[in-house]
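Just below is one structure, and these are the notes that go with it.
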Amino acid sequence: MPQIGSLLIIFGTFVWCGSFSYLSTHATSVLEWLCLVSLGLVTVATLAYWIYANKHQSIHKHKLKLIHAGISTLTPAIEEAIFDESGKTIWTTHPNTYPNQEEFLRKILQRLSATSEIAQLKAMIEERRRGEILVTGGSGSDQKWWLIATAPLDLGGYFGRKGLMVALRDITSHFSNHTQLKNTCSLLESFIDKAPIALVYTNTSGIITGANTTFCRWLGLPREQLLGTTLDGFLGDEWKQGKAIIPVRSPNAIPFKVLALTSPKSQPLLFCRADGLFSMGASGGVFKQAFSDATIPAVMISEEGQIIDYNPAFSMMVGDVKPRQDFFEMIDPAIRSETTTKFRRAFERALPPSPFEIRFNEDKIHTTTYVSHLMQEDDLPALMLQFLDISEKKRLERQFIQSQKMQAVGQLAGGIAHDFNNLLTAMIGYCDLLLQRYLPNDPAYTDIMQIKQNANRAANLVRQLLAFSRQQTLQPKVVHITDNLADLSTLLRRLIGAGIDLKMIHGRDLWPVKVDVSQLEQVIINLVVNARDAITNGGTLTIRTSNFQCLKQQRMGHDLVAKGDYVMIEVIDTGHGIDPEHLEHIFEPFFSTKEVGEGTGLGLSTVYGIVKQTGGFVLVESTINEGTNFKILLPRYAGEEETHIPHIETPSGDLTGGGTILLVEDEDAVRMFSARALREKGYRVIEADSGESALNILTDGERFDLLVTDVVMPKMDGPTLSKKIRDLYPETKTIFISGYTEDTFRKNLDHNTKIHFLPKPFTLKDLASKVKEVLTLN
């Protein structure tokens, strides 16, 4: 723009001069003279604009030079001003605030604290020197920090040649953490310096290199006089020997005693006053008041174990306490001898022992005990014991150990169940083979049936073990439990008998749940049978349902219940209740308080396993002679309700068939029975005792129509074998046989519809039916 103005001025000058010469000699009318005057005015206006633009361009250029020279920092300036040689403001970010340099300086100084930097700032501005200065204003949380930069300007002849630019930047954010840390350190230093205990630093020669005001006050000496002296001059050699109570001598103070709170090798050394703690003087009274008001349970005992004093918090923790009572008799007898020995050693040694555990009230109260040495009025030693109640912590530890134990027992039970299922499969299978040889009226037929029936009873026990270990096969579906409980009520009334009143209380608008209906019924039946056995002379058994919302993860009983929505089923009885010492064990398999022969001890463990495998929780509340309440929490089903097509059982009919079956089973008895049973039904059977053997058979060129394989085998398991075979023959049909639940291996397979499952133990009929069903599928 200034270049255009210059051209216009030059052009206008030539035009105006030519026009003036022409008009001055040839103008004959007023109109021509008016044109001449108008042309002159345009030229003057253009000249004024050119001067104005050049001035601001000069200022802008000088600002850019300052920025490139480093005047501007990363923090944007909140206030800037440029003054001319006379101090008049020619540009500013606050036009109405700073009319001139003097007013700018006055208003800035009003914000700042009176420091040495104020004079430097005034000199920088008044002398128009380049520089930066850090200033502050306000106090506490309102304190602010500014960085003020000044730089001289060459204004190029406009408004004088020497100008000044001043930039003010707020950098408080960079100092907030520093200020907070500085204030915290100051508070900490003040606390340590005025603490009610003495703090002393010494070098390796015992020379005092530092001490707080408290220690100086005790000795009656100023810190300057104390530093550089030896600690031995005040405490003798006792402090080096590790003694607890140390006499102190000072020329400016009455002799007194201190209690060493640290070892002689520690830095800093800590001491507290030990004289007059139990006297009725001023210091003793303060101590006794603080001791009595303390919220931490505390007691003082003599060397003989007698209670000298105790505070209310201690009596609230352990119950009735009497002065001069034998403290050692209050300790749990199981640890009394060991604990008494620790106290004896504490009296013999100068330093107190490390914190240790003491139990009171027959193991009901657990504490961590901290021991401190004290001195009585008659200079007899005493101990002050302070207790941290850890009973809740111990309870949680026991619950955690119990849950780990339940998990370990569950894994063991699952392993045992798998092995038993193999044995029972062979036993039941060979019974079926033998039964084919005899007629029902043959005495041997009856004997074989007895063997089979007892094997089936054993199989039921194994199923309960699998339920506890959460390894049984479930067939869940979405249901509304109100309907299921209504269908079950008739059976439950027959189970409990006429002497017990059964009440069913159903909640309204219950949420749906996804459960295995038969297993849920088993849970309810087991709980009802237990409740029946707990009610001796008539009573009430209530089954109540409701919706339950757990708003946050919380511990309820032995379980940590996750946040979410649940449907709660309560089974409440008015029986004799469960002893508290048995509550931790009721879900363990084979644990029972009933007489021998009255139960297997698997009822509640089955309940626990089924509910846990469903994703729910089992809670129990019980009061002796009042009754027990078992609460089952089942997670709410949030998906779309499923449409179930009823399964129509087809008659078994002819179980014979044809085709080649590859049978892979590492248990010889199970493999031999299965192969024989299938051959008798008309199938050609190729046997293999491992996954590797099966692959070798295929390598030799054998072909088959169906793969029947165990799941758990050494080296190569069933799912791995199935994958390798399907890589070669994708259309292979497979039946897995296992004593474990289908879920334990199904998640490792793809959604192949040609894979089926037959749980152990199975009968000859089960095996033949499954094989024929799979072979006939497209």
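All residue names refer to the structure tokens as shown: chains lettered A, B, ... in order, residues numbered from 1 in each chain, ligands numbered from 1 in order.
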* To do: Just list the residues in segment 365-582 of chain A DSSP gives alpha helix (DSSP H) on the backbone, as a PyMOL selection string.
  => chain A and resi 391-435+443-468+481-496+517-534+580-582
* Which polymer residues have any atom within 6 Å of an atom of segment 500-513 of chain A, counting only C-alpha atoms, with same-chain residues fewer than 6 positions away left out, as a list of chain:residue names? ->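 Selected residues are A:Val478, A:Val479, A:His480, A:Gly538, A:Gly539, A:Thr540, A:Leu541, A:Thr542, A:Ile543, A:Arg544, A:Thr545, A:Ser546, A:Asn547, A:Arg636, A:Tyr637.
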For the residues in the current selection, export C-alpha atoms as a PDB file, in the first residue's frame.
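Below you can see selection-v6.pdb, which holds the result:
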ATOM      1  CA  VAL A 478     -33.584 -68.664  28.837  1.00  0.00           C
ATOM      2  CA  VAL A 479     -36.335 -69.187  31.421  1.00  0.00           C
ATOM      3  CA  HIS A 480     -38.508 -67.368  33.921  1.00  0.00           C
ATOM      4  CA  GLY A 538     -42.159 -78.678  62.643  1.00  0.00           C
ATOM      5  CA  GLY A 539     -41.489 -75.291  61.157  1.00  0.00           C
ATOM      6  CA  THR A 540     -41.607 -73.204  58.025  1.00  0.00           C
ATOM      7  CA  LEU A 541     -39.645 -73.435  54.780  1.00  0.00           C
ATOM      8  CA  THR A 542     -39.897 -70.390  52.537  1.00  0.00           C
ATOM      9  CA  ILE A 543     -38.790 -70.064  48.929  1.00  0.00           C
ATOM     10  CA  ARG A 544     -38.713 -66.421  47.883  1.00  0.00           C
ATOM     11  CA  THR A 545     -37.723 -64.840  44.573  1.00  0.00           C
ATOM     12  CA  SER A 546     -36.896 -61.226  43.742  1.00  0.00           C
ATOM     13  CA  ASN A 547     -34.824 -58.991  41.481  1.00  0.00           C
ATOM     14  CA  ARG A 636     -29.953 -61.459  34.517  1.00  0.00           C
ATOM     15  CA  TYR A 637     -30.158 -62.462  30.847  1.00  0.00           C
TER      16      TYR A 637
END
* Write out as a ChimeraX atom specification which residues come within 7 Å of segment 618-628 of chain A when counting only C-alpha atoms, dropping same-chain ones fewer than 5 positions away. => /A:557,572-579,608,611,633
* Length of the atom CA of Ile118 of chain A to atom CA of Leu168 of chain A vector [Å] -> 14.2 Å
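Atom CA of Ile755 of chain A lies 16.9 Å from atom CA of Gly691 of chain A.
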* With distances taken over only C-alpha atoms, which of A:Lys107, A:Lys477, A:Lys770, A:Lys552 is nearest to Val515 of chain A? -> A:Lys477
* Asked: With only C-alpha atoms as the basis for distance, which of A:Asp193, A:Asp559, A:Glu338, A:Glu348 is at the shortest distance from Arg217 of chain A?
  -> A:Asp193
* To do: List the neighbours of segment 704-721 of chain A out to 6 Å using only C-alpha atoms; skip same-chain residues closer than 6 positions along the sequence, and give me the result as a PyMOL selection string.
  => chain A and resi 660-665+691+733-738
* In Å, with one decimal, what is the gap from atom CA of Val462 of chain A to atom CA of Gly609 of chain A? ->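 A separation of 12.9 Å between them.
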* To do: Considering only C-alpha atoms, return as a list in words whatever protein or nucleic-acid residues lie within 12 Å of Gln120 of chain A, sequence-local ones (same chain, fewer than 2 positions apart) excluded.
  => Leu109, Ala114, Thr115, Ser116, Glu117, Ile118, Lys122, Ala123, Met124, Ile125, Glu126, Glu127, Arg128, Arg129, Arg130, Gly131, Glu132, Ile133, Leu134, Val135, Ile148, Ala149 and Thr150 of chain A
Give me a file of those residues, with N, CA, C and O atoms, as a short mmCIF file (atom, residue, chain, number, x, y, z; two decimals), in the first residue's frame.
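This went into selection-v6.cif:
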data_model
loop_
_atom_site.label_atom_id
_atom_site.label_comp_id
_atom_site.auth_asym_id
_atom_site.auth_seq_id
_atom_site.Cartn_x
_atom_site.Cartn_y
_atom_site.Cartn_z
N LEU A 109 3.37 -1.40 38.35
CA LEU A 109 3.98 -1.47 39.68
C LEU A 109 2.94 -1.72 40.77
O LEU A 109 3.26 -2.26 41.82
N ALA A 114 6.76 -5.55 46.64
CA ALA A 114 7.92 -4.67 46.84
C ALA A 114 9.19 -5.50 46.96
O ALA A 114 9.52 -6.02 48.03
N THR A 115 9.89 -5.68 45.86
CA THR A 115 11.13 -6.44 45.84
C THR A 115 12.21 -5.62 45.16
O THR A 115 11.95 -4.54 44.61
N SER A 116 13.44 -6.14 45.18
CA SER A 116 14.56 -5.43 44.56
C SER A 116 14.41 -5.33 43.05
O SER A 116 15.02 -4.46 42.41
N GLU A 117 13.57 -6.20 42.46
CA GLU A 117 13.39 -6.17 41.03
C GLU A 117 12.62 -4.93 40.55
O GLU A 117 12.67 -4.57 39.37
N ILE A 118 11.88 -4.26 41.47
CA ILE A 118 11.09 -3.10 41.08
C ILE A 118 11.98 -1.98 40.56
O ILE A 118 11.73 -1.37 39.52
N LYS A 122 12.09 -0.28 36.73
CA LYS A 122 11.93 1.15 36.46
C LYS A 122 13.11 1.67 35.65
O LYS A 122 12.94 2.44 34.69
N ALA A 123 14.35 1.23 36.01
CA ALA A 123 15.53 1.69 35.29
C ALA A 123 15.51 1.20 33.84
O ALA A 123 15.87 1.95 32.92
N MET A 124 15.11 -0.04 33.65
CA MET A 124 15.06 -0.59 32.29
C MET A 124 14.11 0.21 31.40
O MET A 124 14.42 0.50 30.24
N ILE A 125 12.95 0.61 31.94
CA ILE A 125 11.95 1.33 31.14
C ILE A 125 12.38 2.78 30.94
O ILE A 125 12.31 3.32 29.83
N GLU A 126 12.81 3.42 32.04
CA GLU A 126 13.16 4.83 31.94
C GLU A 126 14.41 5.05 31.09
O GLU A 126 14.50 6.03 30.35
N GLU A 127 15.38 4.12 31.17
CA GLU A 127 16.61 4.26 30.39
C GLU A 127 16.50 3.59 29.02
O GLU A 127 17.45 3.62 28.23
N ARG A 128 15.37 2.98 28.79
CA ARG A 128 15.09 2.36 27.50
C ARG A 128 16.17 1.34 27.11
O ARG A 128 16.74 1.39 26.04
N ARG A 129 16.43 0.42 28.07
CA ARG A 129 17.43 -0.62 27.84
C ARG A 129 16.74 -1.94 27.46
O ARG A 129 15.61 -2.21 27.87
N ARG A 130 17.46 -2.75 26.71
CA ARG A 130 16.95 -4.09 26.38
C ARG A 130 17.18 -5.01 27.59
O ARG A 130 18.24 -4.99 28.21
N GLY A 131 16.18 -5.85 27.92
CA GLY A 131 16.37 -6.79 29.02
C GLY A 131 15.09 -7.53 29.38
O GLY A 131 14.01 -7.26 28.82
N GLU A 132 15.22 -8.47 30.30
CA GLU A 132 14.08 -9.24 30.83
C GLU A 132 14.22 -9.32 32.34
O GLU A 132 15.32 -9.41 32.86
N ILE A 133 13.09 -9.31 33.03
CA ILE A 133 13.12 -9.37 34.48
C ILE A 133 11.92 -10.16 34.97
O ILE A 133 10.82 -10.05 34.41
N LEU A 134 12.13 -11.00 35.99
CA LEU A 134 11.07 -11.83 36.57
C LEU A 134 10.54 -11.13 37.81
O LEU A 134 11.31 -10.79 38.73
N VAL A 135 9.24 -10.90 37.86
CA VAL A 135 8.63 -10.20 38.99
C VAL A 135 7.43 -11.01 39.46
O VAL A 135 6.90 -11.86 38.75
N ILE A 148 8.72 -9.66 32.29
CA ILE A 148 8.60 -8.39 31.57
C ILE A 148 9.85 -8.20 30.72
O ILE A 148 10.98 -8.26 31.21
N ALA A 149 9.64 -7.99 29.41
CA ALA A 149 10.74 -7.79 28.46
C ALA A 149 10.65 -6.38 27.89
O ALA A 149 9.57 -5.89 27.55
N THR A 150 11.80 -5.73 27.79
CA THR A 150 11.87 -4.39 27.20
C THR A 150 12.87 -4.40 26.06
O THR A 150 13.87 -5.13 26.10
#
* Per DSSP on the backbone, filter segment 547-718 of chain A down to the residues in strand (DSSP E or B) and report them as a VMD selection string. => chain A and resid 547 to 550 554 to 556 559 to 561 564 to 573 617 to 623 627 to 636 660 to 664 684 to 688 706 to 710
* What's the 12 Å shell around Lys265 of chain A, counting only C-alpha atoms, without same-chain residues fewer than 2 positions away, as a list in words? -> Tyr201, Thr202, Asn203, Thr204, Ser205, Gly206, Trp239, Lys240, Gln241, Gly242, Ala260, Leu261, Thr262, Ser263, Gln267, Pro268, Leu269 and Leu270 of chain A
Convert the current residue selection to file output with C-alpha atoms, as a CSV table (one decimal), in the first residue's frame.
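Wrote out-v1.csv, looks like this:
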chain,number,residue,atom,x,y,z
A,201,TYR,CA,22.3,-35.4,63.3
A,202,THR,CA,25.9,-36.5,64.0
A,203,ASN,CA,28.9,-37.4,62.0
A,204,THR,CA,31.0,-40.6,62.4
A,205,SER,CA,32.9,-39.0,65.3
A,206,GLY,CA,29.8,-38.2,67.2
A,239,TRP,CA,23.4,-43.6,73.6
A,240,LYS,CA,26.2,-45.6,71.8
A,241,GLN,CA,25.4,-48.7,73.8
A,242,GLY,CA,21.9,-48.8,72.6
A,260,ALA,CA,15.9,-43.5,72.4
A,261,LEU,CA,13.5,-44.1,69.5
A,262,THR,CA,16.2,-45.1,67.0
A,263,SER,CA,19.4,-47.2,67.1
A,267,GLN,CA,20.5,-40.9,61.2
A,268,PRO,CA,18.9,-38.8,62.4
A,269,LEU,CA,18.8,-39.8,66.1
A,270,LEU,CA,15.4,-39.4,67.6
